[in-house]
Amino acid sequence: MAISTPSTTSGPVAKRSLRWRVVDIVVAAVLAVAVGVVFKLWDFAYEPIGAGLGLVLPGTQALVGGVWLLAGPLVAIVVRKPGAALFGEVVAASVEALLGTQWGWGTLVSGVVQGIGAEVVFALFLYSVWRFPVVLLAGAATGVALGLNDALRYYAGSTASFQVVYVICAVISGTVIAGAGSWLLVRALARTGVLSSFAAGREQFRRTRPAAA
């Protein structure tokens with residue numbers, strides 16, 4: 001049974017189905033696969049950058065971990081359906097693992113945990129509020145998930161001060177890179193017209209229409 005919630009866009013109130021369409025699945029998969037390739041490329045850049053930050057202050061390497069959190073918020077903002085953030089992170093993590101990574105298939109565990117982090121925030125707003133502050137909050141939640149997951153799985157023997165710094169930096173990175181970054185990416189995609197079948201694309205059209213008139 002489809003679930004409907006009031007639309008938050010301007011104009012007459014309309015009911016919006018939260019059931020996934022075929023186009024939702026296809027676009028979500030395409031976006032997640034593309035981000036998964038980015039994840040793999042970032043594996044190479046993270047090592048020297050993260051090592052440099054860690055030398056300055058141990059734990060601050062998490063400041064650049066937000067790149068691995070992009071898929072969840074990005075797919076969720078576009079699709080706007082339950083499970084979109086989790087779908088995005090898991091598919092992207094799977095692509096990264098298939099392409100080869102030093103963390104192996106453990107990336108899937110990270111993808112699930114991080115996807116759930118974003119999913120919880122969007123669920124709290126009943127998948128009906130997609131404003132910038134909510135997306136930032138979702139990004140921060142993925143950062144919490146990243147920080148805690150890594151602290152427990154990869155840095156379990158580290159000092160408490162390292163883990164605190166690591167989690168705080170992960171939250172900052174998630175907020176800025178995954179939250180604000182995904183928001184800007186979606187707006188850039190919407191301007192090209194490729195998201196015309198989605199609310200994100202229609203909202204962009206309404207924003208730019210007065211200027212074009």
# chains A, B, ... in the order shown; residues from 1 in each chain; ligands from 1
>>> residues_around(residues="segment 172-175 of chain A", least_positions_apart="2", cutoff="10 Å", atoms="only C-alpha atoms", output="count of residues only")
37
>>> select_by_dssp(residues="chain A", states="strand (DSSP E or B)", output="list in words")
Ser4, Thr5, Pro6, Lys15, Arg16 and Ser17 of chain A
>>> closest_residue(among="A:Val30, A:Val91, A:Ala200, A:Val75", to="Glu119 of chain A", atoms="only C-alpha atoms")
A:Val75
>>> atom_distance(atom1="atom CA of Arg80 of chain A", atom2="atom CA of Arg191 of chain A")
18.1 Å
>>> closest_residue(among="A:Trp42, A:Gly157, A:Phe87, A:Asn149", to="Gln102 of chain A", atoms="only C-alpha atoms")
A:Trp42
>>> atom_distance(atom1="atom CA of Asp24 of chain A", atom2="atom CA of Ala76 of chain A")
10.2 Å
>>> atom_distance(atom1="atom CA of Pro58 of chain A", atom2="atom CA of Ala118 of chain A")
26.2 Å
>>> select_by_dssp(residues="segment 48-184 of chain A", states="alpha helix (DSSP H)", output="ChimeraX atom specification")
/A:48-56,71-79,84-99,106-124,132-153,160-173,181-184
>>> residues_around(residues="Gly88 of chain A", least_positions_apart="6", cutoff="8 Å", atoms="only C-alpha atoms", output="list in words")
Ala28, Ala29, Leu31, Ala32, Ala71, Gly72, Leu74, Val75, Ala76 and Gly115 of chain A
>>> closest_residue(among="A:Val186, A:Leu86, A:Val95, A:Ile77", to="Val38 of chain A", atoms="only C-alpha atoms")
A:Val95
>>> closest_residue(among="A:Gly59, A:Gly36, A:Gly52, A:Gly201", to="Ala92 of chain A", atoms="only C-alpha atoms")
A:Gly36
>>> decode(residues="segment 26-37 of chain A", atoms="all heavy atoms", output="mmCIF file, in the first residue's frame")
data_model
loop_
_atom_site.group_PDB
_atom_site.id
_atom_site.type_symbol
_atom_site.label_atom_id
_atom_site.label_comp_id
_atom_site.auth_asym_id
_atom_site.auth_seq_id
_atom_site.Cartn_x
_atom_site.Cartn_y
_atom_site.Cartn_z
ATOM 1 N N VAL A 26 16.137 3.429 -10.900
ATOM 2 C CA VAL A 26 17.171 3.590 -11.925
ATOM 3 C C VAL A 26 18.085 4.767 -11.607
ATOM 4 O O VAL A 26 19.317 4.653 -11.619
ATOM 5 C CB VAL A 26 16.523 3.783 -13.313
ATOM 6 C CG1 VAL A 26 17.588 4.150 -14.349
ATOM 7 C CG2 VAL A 26 15.791 2.522 -13.741
ATOM 8 N N VAL A 27 17.498 5.914 -11.306
ATOM 9 C CA VAL A 27 18.290 7.109 -11.034
ATOM 10 C C VAL A 27 19.091 6.951 -9.743
ATOM 11 O O VAL A 27 20.258 7.347 -9.668
ATOM 12 C CB VAL A 27 17.394 8.364 -10.973
ATOM 13 C CG1 VAL A 27 18.180 9.574 -10.477
ATOM 14 C CG2 VAL A 27 16.807 8.639 -12.348
ATOM 15 N N ALA A 28 18.477 6.361 -8.720
ATOM 16 C CA ALA A 28 19.195 6.129 -7.467
ATOM 17 C C ALA A 28 20.401 5.229 -7.701
ATOM 18 O O ALA A 28 21.496 5.478 -7.161
ATOM 19 C CB ALA A 28 18.260 5.497 -6.433
ATOM 20 N N ALA A 29 20.223 4.193 -8.515
ATOM 21 C CA ALA A 29 21.328 3.275 -8.801
ATOM 22 C C ALA A 29 22.437 3.971 -9.582
ATOM 23 O O ALA A 29 23.631 3.799 -9.284
ATOM 24 C CB ALA A 29 20.816 2.067 -9.578
ATOM 25 N N VAL A 30 22.066 4.772 -10.582
ATOM 26 C CA VAL A 30 23.057 5.488 -11.388
ATOM 27 C C VAL A 30 23.864 6.445 -10.521
ATOM 28 O O VAL A 30 25.102 6.502 -10.601
ATOM 29 C CB VAL A 30 22.377 6.247 -12.545
ATOM 30 C CG1 VAL A 30 23.364 7.190 -13.227
ATOM 31 C CG2 VAL A 30 21.809 5.267 -13.562
ATOM 32 N N LEU A 31 23.166 7.215 -9.682
ATOM 33 C CA LEU A 31 23.853 8.153 -8.798
ATOM 34 C C LEU A 31 24.781 7.423 -7.824
ATOM 35 O O LEU A 31 25.927 7.828 -7.612
ATOM 36 C CB LEU A 31 22.834 8.979 -8.016
ATOM 37 C CG LEU A 31 22.051 10.037 -8.793
ATOM 38 C CD1 LEU A 31 20.973 10.648 -7.906
ATOM 39 C CD2 LEU A 31 22.982 11.123 -9.309
ATOM 40 N N ALA A 32 24.282 6.334 -7.236
ATOM 41 C CA ALA A 32 25.068 5.598 -6.248
ATOM 42 C C ALA A 32 26.298 4.963 -6.881
ATOM 43 O O ALA A 32 27.387 4.968 -6.280
ATOM 44 C CB ALA A 32 24.201 4.534 -5.587
ATOM 45 N N VAL A 33 26.155 4.412 -8.088
ATOM 46 C CA VAL A 33 27.308 3.817 -8.774
ATOM 47 C C VAL A 33 28.351 4.885 -9.083
ATOM 48 O O VAL A 33 29.554 4.682 -8.896
ATOM 49 C CB VAL A 33 26.871 3.097 -10.065
ATOM 50 C CG1 VAL A 33 28.081 2.716 -10.915
ATOM 51 C CG2 VAL A 33 26.064 1.843 -9.729
ATOM 52 N N ALA A 34 27.891 6.052 -9.558
ATOM 53 C CA ALA A 34 28.812 7.143 -9.861
ATOM 54 C C ALA A 34 29.571 7.578 -8.613
ATOM 55 O O ALA A 34 30.790 7.791 -8.648
ATOM 56 C CB ALA A 34 28.048 8.328 -10.458
ATOM 57 N N VAL A 35 28.858 7.704 -7.505
ATOM 58 C CA VAL A 35 29.512 8.094 -6.253
ATOM 59 C C VAL A 35 30.435 6.982 -5.768
ATOM 60 O O VAL A 35 31.481 7.247 -5.178
ATOM 61 C CB VAL A 35 28.475 8.462 -5.178
ATOM 62 C CG1 VAL A 35 29.167 8.813 -3.860
ATOM 63 C CG2 VAL A 35 27.626 9.639 -5.629
ATOM 64 N N GLY A 36 30.067 5.727 -6.027
ATOM 65 C CA GLY A 36 30.936 4.618 -5.654
ATOM 66 C C GLY A 36 32.286 4.700 -6.339
ATOM 67 O O GLY A 36 33.325 4.382 -5.743
ATOM 68 N N VAL A 37 32.290 5.135 -7.596
ATOM 69 C CA VAL A 37 33.553 5.339 -8.315
ATOM 70 C C VAL A 37 34.348 6.468 -7.650
ATOM 71 O O VAL A 37 35.574 6.387 -7.504
ATOM 72 C CB VAL A 37 33.287 5.659 -9.797
ATOM 73 C CG1 VAL A 37 34.590 6.005 -10.513
ATOM 74 C CG2 VAL A 37 32.608 4.480 -10.480
#
